[in-house]
file structure-v9.txt (compact mmCIF, C-alpha atoms)
# COMPACT_ATOMS: atom_id res chain seq x y z
CA MET U 5 35.34 148.83 111.25
CA LEU U 6 33.61 146.21 109.15
CA SER U 7 31.57 143.44 110.69
CA LEU U 8 32.35 140.18 108.92
CA SER U 9 29.06 138.71 110.12
CA LEU U 10 27.56 140.22 106.95
CA LEU U 11 30.02 138.36 104.71
CA ALA U 12 30.04 134.78 103.48
CA PRO U 13 32.92 133.16 105.43
CA LEU U 14 34.00 131.13 102.38
CA SER U 15 34.77 134.32 100.43
CA LEU U 16 37.71 135.12 102.73
CA TRP U 17 39.50 131.78 102.32
CA TYR U 18 41.42 130.21 99.47
CA ASP U 19 43.20 126.98 98.63
CA PRO U 20 46.82 128.01 97.90
CA VAL U 21 47.69 124.83 96.04
CA SER U 22 44.91 125.19 93.47
CA ARG U 23 45.24 129.01 93.31
CA PHE U 24 48.91 128.77 92.39
CA GLY U 25 48.35 125.95 89.94
CA LEU U 26 49.83 122.80 91.44
CA PRO U 27 48.01 119.70 90.11
CA VAL U 28 47.31 117.26 92.94
CA ASP U 29 45.78 113.80 92.56
CA THR U 30 43.05 113.46 95.16
CA ALA U 31 40.25 110.96 95.63
CA PRO U 32 36.69 112.34 95.29
CA GLN U 33 35.99 111.77 98.99
CA ALA U 34 39.07 113.80 100.02
CA ALA U 35 37.08 117.03 99.87
CA THR U 36 35.37 116.16 103.14
CA ALA U 37 37.35 113.25 104.59
CA SER U 38 40.81 114.83 104.71
CA PRO U 39 42.13 116.68 107.76
CA LEU U 40 42.16 120.45 107.33
CA ILE U 41 44.92 122.99 108.01
CA CYS U 42 43.68 126.58 108.31
CA PHE U 43 46.38 129.27 108.21
CA ILE U 44 45.84 132.72 109.78
CA PRO U 45 48.58 135.13 108.60
CA GLY U 46 50.42 137.86 110.47
CA LEU U 47 49.81 141.55 111.07
CA ASP U 48 50.19 142.67 107.44
CA GLY U 49 47.94 139.88 106.14
CA THR U 50 50.62 138.36 103.87
CA THR U 51 49.10 134.99 103.01
CA ALA U 52 51.69 133.32 100.77
CA SER U 53 54.70 133.18 103.11
CA PRO U 54 54.42 129.40 103.88
CA PHE U 55 53.98 128.43 100.20
CA VAL U 56 56.94 126.02 100.29
CA GLN U 57 55.33 123.97 103.07
CA TRP U 58 51.95 123.45 101.41
CA PRO U 59 52.72 120.88 98.64
CA PRO U 60 54.28 118.24 100.95
CA LEU U 61 51.41 118.67 103.42
CA VAL U 62 48.87 118.19 100.62
CA ASN U 63 50.78 115.12 99.46
CA ALA U 64 50.56 113.83 103.03
CA GLY U 65 46.77 114.02 102.84
CA TYR U 66 45.92 117.45 104.28
CA ARG U 67 43.68 120.10 102.79
CA ILE U 68 44.99 123.66 103.12
CA ARG U 69 42.94 126.83 103.45
CA VAL U 70 44.36 130.33 103.98
CA TYR U 71 42.47 133.20 105.59
CA ASP U 72 42.78 136.32 103.43
CA ALA U 73 41.94 139.33 105.60
CA ARG U 74 43.06 141.59 102.75
CA ALA U 75 40.06 140.46 100.72
CA GLU U 76 38.16 143.23 102.48
CA PRO U 77 39.40 146.85 102.31
CA VAL U 78 38.57 147.63 105.96
CA ALA U 79 39.94 145.52 108.80
CA ALA U 80 37.32 143.85 110.99
CA THR U 81 37.23 143.78 114.77
CA ILE U 82 38.92 140.79 116.36
CA ASP U 83 35.53 139.48 117.49
CA ALA U 84 34.34 139.58 113.88
CA GLU U 85 37.51 137.88 112.63
CA VAL U 86 37.22 135.13 115.20
CA GLY U 87 33.55 134.71 114.33
CA CYS U 88 34.35 134.47 110.62
CA ILE U 89 36.98 131.81 111.28
CA LEU U 90 34.62 129.78 113.44
CA ASP U 91 31.86 130.08 110.82
CA PHE U 92 34.27 128.71 108.23
CA LEU U 93 35.26 125.79 110.46
CA ARG U 94 31.59 124.91 110.93
CA GLU U 95 31.04 125.06 107.15
CA ALA U 96 34.13 122.94 106.47
CA ASP U 97 32.99 120.22 108.89
CA ALA U 98 36.38 118.49 108.68
CA PRO U 99 37.13 115.34 110.71
CA GLN U 100 40.22 117.09 112.09
CA THR U 101 41.11 120.78 111.96
CA LEU U 102 44.57 122.14 112.68
CA LEU U 103 44.40 125.91 113.20
CA MET U 104 47.74 127.58 112.47
CA GLY U 105 48.44 131.23 113.24
CA GLU U 106 51.55 133.32 112.63
CA SER U 107 52.33 136.39 114.80
CA TYR U 108 49.08 138.42 114.84
CA GLY U 109 47.38 135.36 113.39
CA GLY U 110 48.50 133.36 116.41
CA VAL U 111 46.50 135.66 118.67
CA VAL U 112 43.43 135.32 116.44
CA ALA U 113 43.80 131.53 116.16
CA ALA U 114 44.21 131.11 119.92
CA SER U 115 41.18 133.35 120.51
CA ALA U 116 39.12 131.18 118.16
CA ALA U 117 40.23 127.98 119.89
CA LEU U 118 39.46 129.53 123.25
CA ARG U 119 35.96 130.54 122.18
CA GLU U 120 34.97 127.20 120.59
CA PRO U 121 37.53 124.48 121.37
CA SER U 122 35.30 121.76 119.93
CA LEU U 123 35.96 123.09 116.41
CA VAL U 124 39.77 122.96 116.73
CA SER U 125 41.58 119.62 116.95
CA SER U 126 45.02 121.16 117.42
CA LEU U 127 46.62 124.58 117.48
CA VAL U 128 49.98 125.63 115.99
CA LEU U 129 51.23 129.10 116.89
CA VAL U 130 54.21 130.39 114.90
CA ASN U 131 55.96 133.17 116.82
CA PRO U 132 52.62 134.44 118.20
CA ALA U 133 52.34 138.12 119.11
CA SER U 134 50.58 137.24 122.34
CA ALA U 135 53.05 139.25 124.44
CA PHE U 136 52.22 142.56 122.75
CA SER U 137 51.48 144.16 126.14
CA GLU U 138 55.05 143.29 127.20
CA MET U 139 56.73 144.50 123.99
CA PRO U 140 57.36 148.24 124.45
CA SER U 141 59.24 148.57 121.17
CA LEU U 142 56.33 147.19 119.14
CA GLN U 143 53.88 149.36 121.07
CA ALA U 144 56.07 152.38 120.31
CA ASP U 145 56.08 151.44 116.61
CA ALA U 146 52.28 151.24 116.67
CA ARG U 147 52.02 154.69 118.23
CA THR U 148 54.47 156.12 115.70
CA LEU U 149 52.66 154.59 112.73
CA SER U 150 49.32 155.90 113.98
CA LYS U 151 50.68 159.44 113.53
CA VAL U 152 52.20 158.92 110.09
CA PRO U 153 50.16 160.30 107.15
CA GLN U 154 48.92 157.82 104.55
CA ALA U 155 51.33 159.14 101.90
CA LEU U 156 54.32 158.14 104.02
CA PHE U 157 52.79 155.08 105.63
CA PRO U 158 54.04 152.34 103.24
CA ALA U 159 57.67 153.39 103.67
CA ALA U 160 57.32 153.96 107.43
CA SER U 161 55.63 150.61 108.07
CA PHE U 162 58.27 148.80 106.03
CA ALA U 163 61.06 150.55 107.92
CA LEU U 164 59.60 149.96 111.39
CA LEU U 165 57.96 146.56 111.03
CA GLY U 166 60.13 145.12 108.26
CA ARG U 167 63.27 145.30 110.38
CA LYS U 168 61.56 143.16 113.04
CA THR U 169 60.69 140.41 110.59
CA PHE U 170 63.81 140.53 108.40
CA ASP U 171 65.64 137.22 108.58
CA ALA U 172 69.16 137.50 107.20
CA GLY U 173 69.66 133.74 107.39
CA PHE U 174 66.53 133.10 105.34
CA VAL U 175 67.59 135.61 102.69
CA ALA U 176 71.09 134.12 102.51
CA THR U 177 69.64 130.62 102.11
CA ALA U 178 67.24 131.80 99.39
CA VAL U 179 70.05 133.53 97.47
CA ARG U 180 72.24 130.44 97.72
CA ASP U 181 69.42 128.14 96.59
CA VAL U 182 68.50 130.29 93.60
CA LEU U 183 71.82 131.72 92.42
CA VAL U 184 74.44 129.23 93.59
CA GLU U 185 72.80 125.82 93.70
CA ARG U 186 70.22 126.74 91.04
CA LYS U 187 67.57 124.66 92.79
CA LEU U 188 64.60 126.32 91.09
CA GLU U 189 66.23 126.05 87.68
CA LYS U 190 66.89 122.35 88.26
CA LEU U 191 63.33 121.91 89.52
CA ARG U 192 61.97 123.37 86.28
CA GLU U 193 63.70 120.52 84.48
CA SER U 194 62.77 117.70 86.85
CA GLU U 195 59.33 118.81 88.15
CA PRO U 196 57.98 121.61 85.94
CA ALA U 197 54.51 121.60 87.57
CA LEU U 198 55.97 122.13 91.04
CA ALA U 199 58.34 124.80 89.72
CA ALA U 200 55.40 126.62 88.10
CA TYR U 201 53.60 126.52 91.45
CA TYR U 202 56.64 128.07 93.16
CA ASP U 203 56.88 130.78 90.49
CA ALA U 204 53.19 131.70 90.89
CA ALA U 205 53.26 131.62 94.70
CA LEU U 206 56.46 133.66 94.87
CA ALA U 207 55.04 136.26 92.48
CA HIS U 208 51.93 136.50 94.68
CA LEU U 209 54.09 136.90 97.80
CA VAL U 210 56.13 139.69 96.20
CA ASP U 211 52.91 141.42 95.15
CA GLU U 212 51.51 141.18 98.69
CA ILE U 213 54.68 142.62 100.21
CA SER U 214 54.86 145.48 97.69
CA SER U 215 51.17 146.44 97.97
CA GLN U 216 50.56 147.08 101.65
CA PRO U 217 47.01 147.78 102.92
CA PRO U 218 46.13 151.38 103.90
CA LYS U 219 47.03 152.93 107.25
CA CYS U 220 43.49 152.62 108.66
CA TRP U 221 43.68 148.86 108.08
CA PHE U 222 46.87 148.59 110.16
CA ASP U 223 45.47 150.87 112.86
CA ALA U 224 42.55 148.48 113.24
CA ARG U 225 44.85 145.45 113.33
CA PHE U 226 46.95 146.98 116.11
CA ALA U 227 43.76 147.66 118.07
CA ASN U 228 42.77 144.03 117.53
CA LEU U 229 46.17 142.90 118.76
CA ARG U 230 45.76 144.82 122.01
CA ALA U 231 42.26 143.45 122.52
CA GLY U 232 43.21 139.89 121.64
CA CYS U 233 46.24 139.84 123.92
CA GLY U 234 44.09 141.17 126.74
CA LEU U 235 41.66 138.28 126.28
CA LEU U 236 44.42 135.69 126.10
CA GLU U 237 46.32 136.87 129.18
CA GLU U 238 43.69 135.23 131.34
CA GLY U 239 42.75 132.47 128.95
CA TRP U 240 45.89 130.49 128.07
CA GLU U 241 45.34 127.88 130.75
CA ALA U 242 41.79 127.31 129.51
CA LEU U 243 42.90 126.31 125.99
CA GLN U 244 41.80 122.75 125.36
CA PRO U 245 43.23 121.75 121.92
CA PRO U 246 46.81 120.42 121.86
CA LEU U 247 49.10 123.40 121.45
CA LEU U 248 52.41 123.54 119.58
call {"tool": "encode", "arguments": {"input": "structure-v9.txt", "output": "structure tokens"}}
result
Amino acid sequence: MLSLSLLAPLSLWYDPVSRFGLPVDTAPQAATASPLICFIPGLDGTTASPFVQWPPLVNAGYRIRVYDARAEPVAATIDAEVGCILDFLREADAPQTLLMGESYGGVVAASAALREPSLVSSLVLVNPASAFSEMPSLQADARTLSKVPQALFPAASFALLGRKTFDAGFVATAVRDVLVERKLEKLRESEPALAAYYDAALAHLVDEISSQPPKCWFDARFANLRAGCGLLEEGWEALQPPLL
């Protein structure tokens, strides 16, 4: 597996608001004076899933940075990932840093906060996969996927992992918003810049979902999940940043 210590930490992070083209009026000093939200995505590395939340947070004065583990073709060890995240936080030197992790990313974010709590002002864990050792069905899926050949892996991973993350309520709400209430169409008329941002971010999200990383990448991520959960089992009580 790749050691991220050889990589520039900034190369694995991006600003979703500027990448997807939303113009934001910010003062020159905001680049260093604003509080920072760093998002660590889930097991499959899909970075664009919270795109709806970013504009209001930016308007509230936060800077957003997203960790893009897919920027490298080979998954790193969890120690290397944590080290890369901490290197970025040192480089950013923000007055306040909120580290946010989803699922697998929650394990990585908590591990980073545990290693160097002084760099993390607060910690937000969204459905963290910290109980992997107590989830026999997910462990069984990992074992099954490890035996699937690469040619069948995209379909197998979608079938096994996709059913665990599928949210029927979310899909129903999205269909109602787009087809029934025509919210995006109305937004194109009232706020074309924001609508263009949504279009670009949604297209990126669809591309991420449809172009899954190779099997060896997922195998490494599952190994990281086991290692990270093992570290956290004895470390939760030692976490110092406020935890949500």
call {"tool": "closest_residue", "arguments": {"input": "structure-v9.txt", "among": "U:Met139, U:Cys220, U:Ala231, U:Leu118", "to": "U:Pro158", "atoms": "only C-alpha atoms"}}
result
U:Cys220
call {"tool": "residues_around", "arguments": {"input": "structure-v9.txt", "residues": "U:Arg225", "least_positions_apart": "6", "cutoff": "9 Å", "atoms": "all atoms listed in the file", "output": "PyMOL selection string"}}
result
chain U and resi 47-48+79-82+108
call {"tool": "atom_distance", "arguments": {"input": "structure-v9.txt", "atom1": "atom CA of U:Gly105", "atom2": "atom CA of U:Gly46"}}
result
7.5 Å
call {"tool": "atom_distance", "arguments": {"input": "structure-v9.txt", "atom1": "atom CA of U:Glu106", "atom2": "atom CA of U:Pro45"}}
result
5.3 Å
call {"tool": "atom_distance", "arguments": {"input": "structure-v9.txt", "atom1": "atom CA of U:Tyr18", "atom2": "atom CA of U:Glu120"}}
result
22.3 Å
call {"tool": "residues_around", "arguments": {"input": "structure-v9.txt", "residues": "stretch 145-154 of chain U", "least_positions_apart": "4", "cutoff": "12 Å", "atoms": "all atoms listed in the file", "output": "PyMOL selection string"}}
result
chain U and resi 47+136-137+139-141+158-168+216-230
call {"tool": "closest_residue", "arguments": {"input": "structure-v9.txt", "among": "U:Pro20, U:Pro27, U:Gly109, U:Gly234", "to": "U:Glu85", "atoms": "only C-alpha atoms"}}
result
U:Gly109
call {"tool": "closest_residue", "arguments": {"input": "structure-v9.txt", "among": "U:Ala200, U:Ile41, U:Leu243, U:Leu123", "to": "U:Gly65", "atoms": "all atoms listed in the file"}}
result
U:Ile41
call {"tool": "closest_residue", "arguments": {"input": "structure-v9.txt", "among": "U:Ala199, U:Leu236, U:Leu103, U:Ala204", "to": "U:Ser134", "atoms": "all atoms listed in the file"}}
result
U:Leu236
call {"tool": "axis_aligned_box", "arguments": {"input": "structure-v9.txt", "around": "stretch 205-209 of chain U", "padding_each_side": "6 Å", "output": "lines of an AutoDock Vina configuration file"}}
result
center_x = 54.2
center_y = 134.3
center_z = 95.1
size_x = 16.5
size_y = 17.3
size_z = 17.3
call {"tool": "residues_near_point", "arguments": {"input": "structure-v9.txt", "point": "(45.8, 125.3, 105.4)", "cutoff": "7 Å", "atoms": "only C-alpha atoms", "output": "PDB file with C-alpha atoms, keeping the file's coordinate frame"}}
result
ATOM      1  CA  LEU U  40      42.160 120.450 107.330  1.00  0.00           C
ATOM      2  CA  ILE U  41      44.920 122.990 108.010  1.00  0.00           C
ATOM      3  CA  CYS U  42      43.680 126.580 108.310  1.00  0.00           C
ATOM      4  CA  PHE U  43      46.380 129.270 108.210  1.00  0.00           C
ATOM      5  CA  ARG U  67      43.680 120.100 102.790  1.00  0.00           C
ATOM      6  CA  ILE U  68      44.990 123.660 103.120  1.00  0.00           C
ATOM      7  CA  ARG U  69      42.940 126.830 103.450  1.00  0.00           C
ATOM      8  CA  VAL U  70      44.360 130.330 103.980  1.00  0.00           C
TER       9      VAL U  70
END
call {"tool": "residues_around", "arguments": {"input": "structure-v9.txt", "residues": "U:Leu26", "least_positions_apart": "3", "cutoff": "12 Å", "atoms": "all atoms listed in the file", "output": "ChimeraX atom specification"}}
result
/U:19-23,29,55-56,58-60,62-63,195-205
call {"tool": "closest_residue", "arguments": {"input": "structure-v9.txt", "among": "U:Ser38, U:Ser15, U:Gln100, U:Ser107", "to": "U:Ala73", "atoms": "only C-alpha atoms"}}
result
U:Ser15
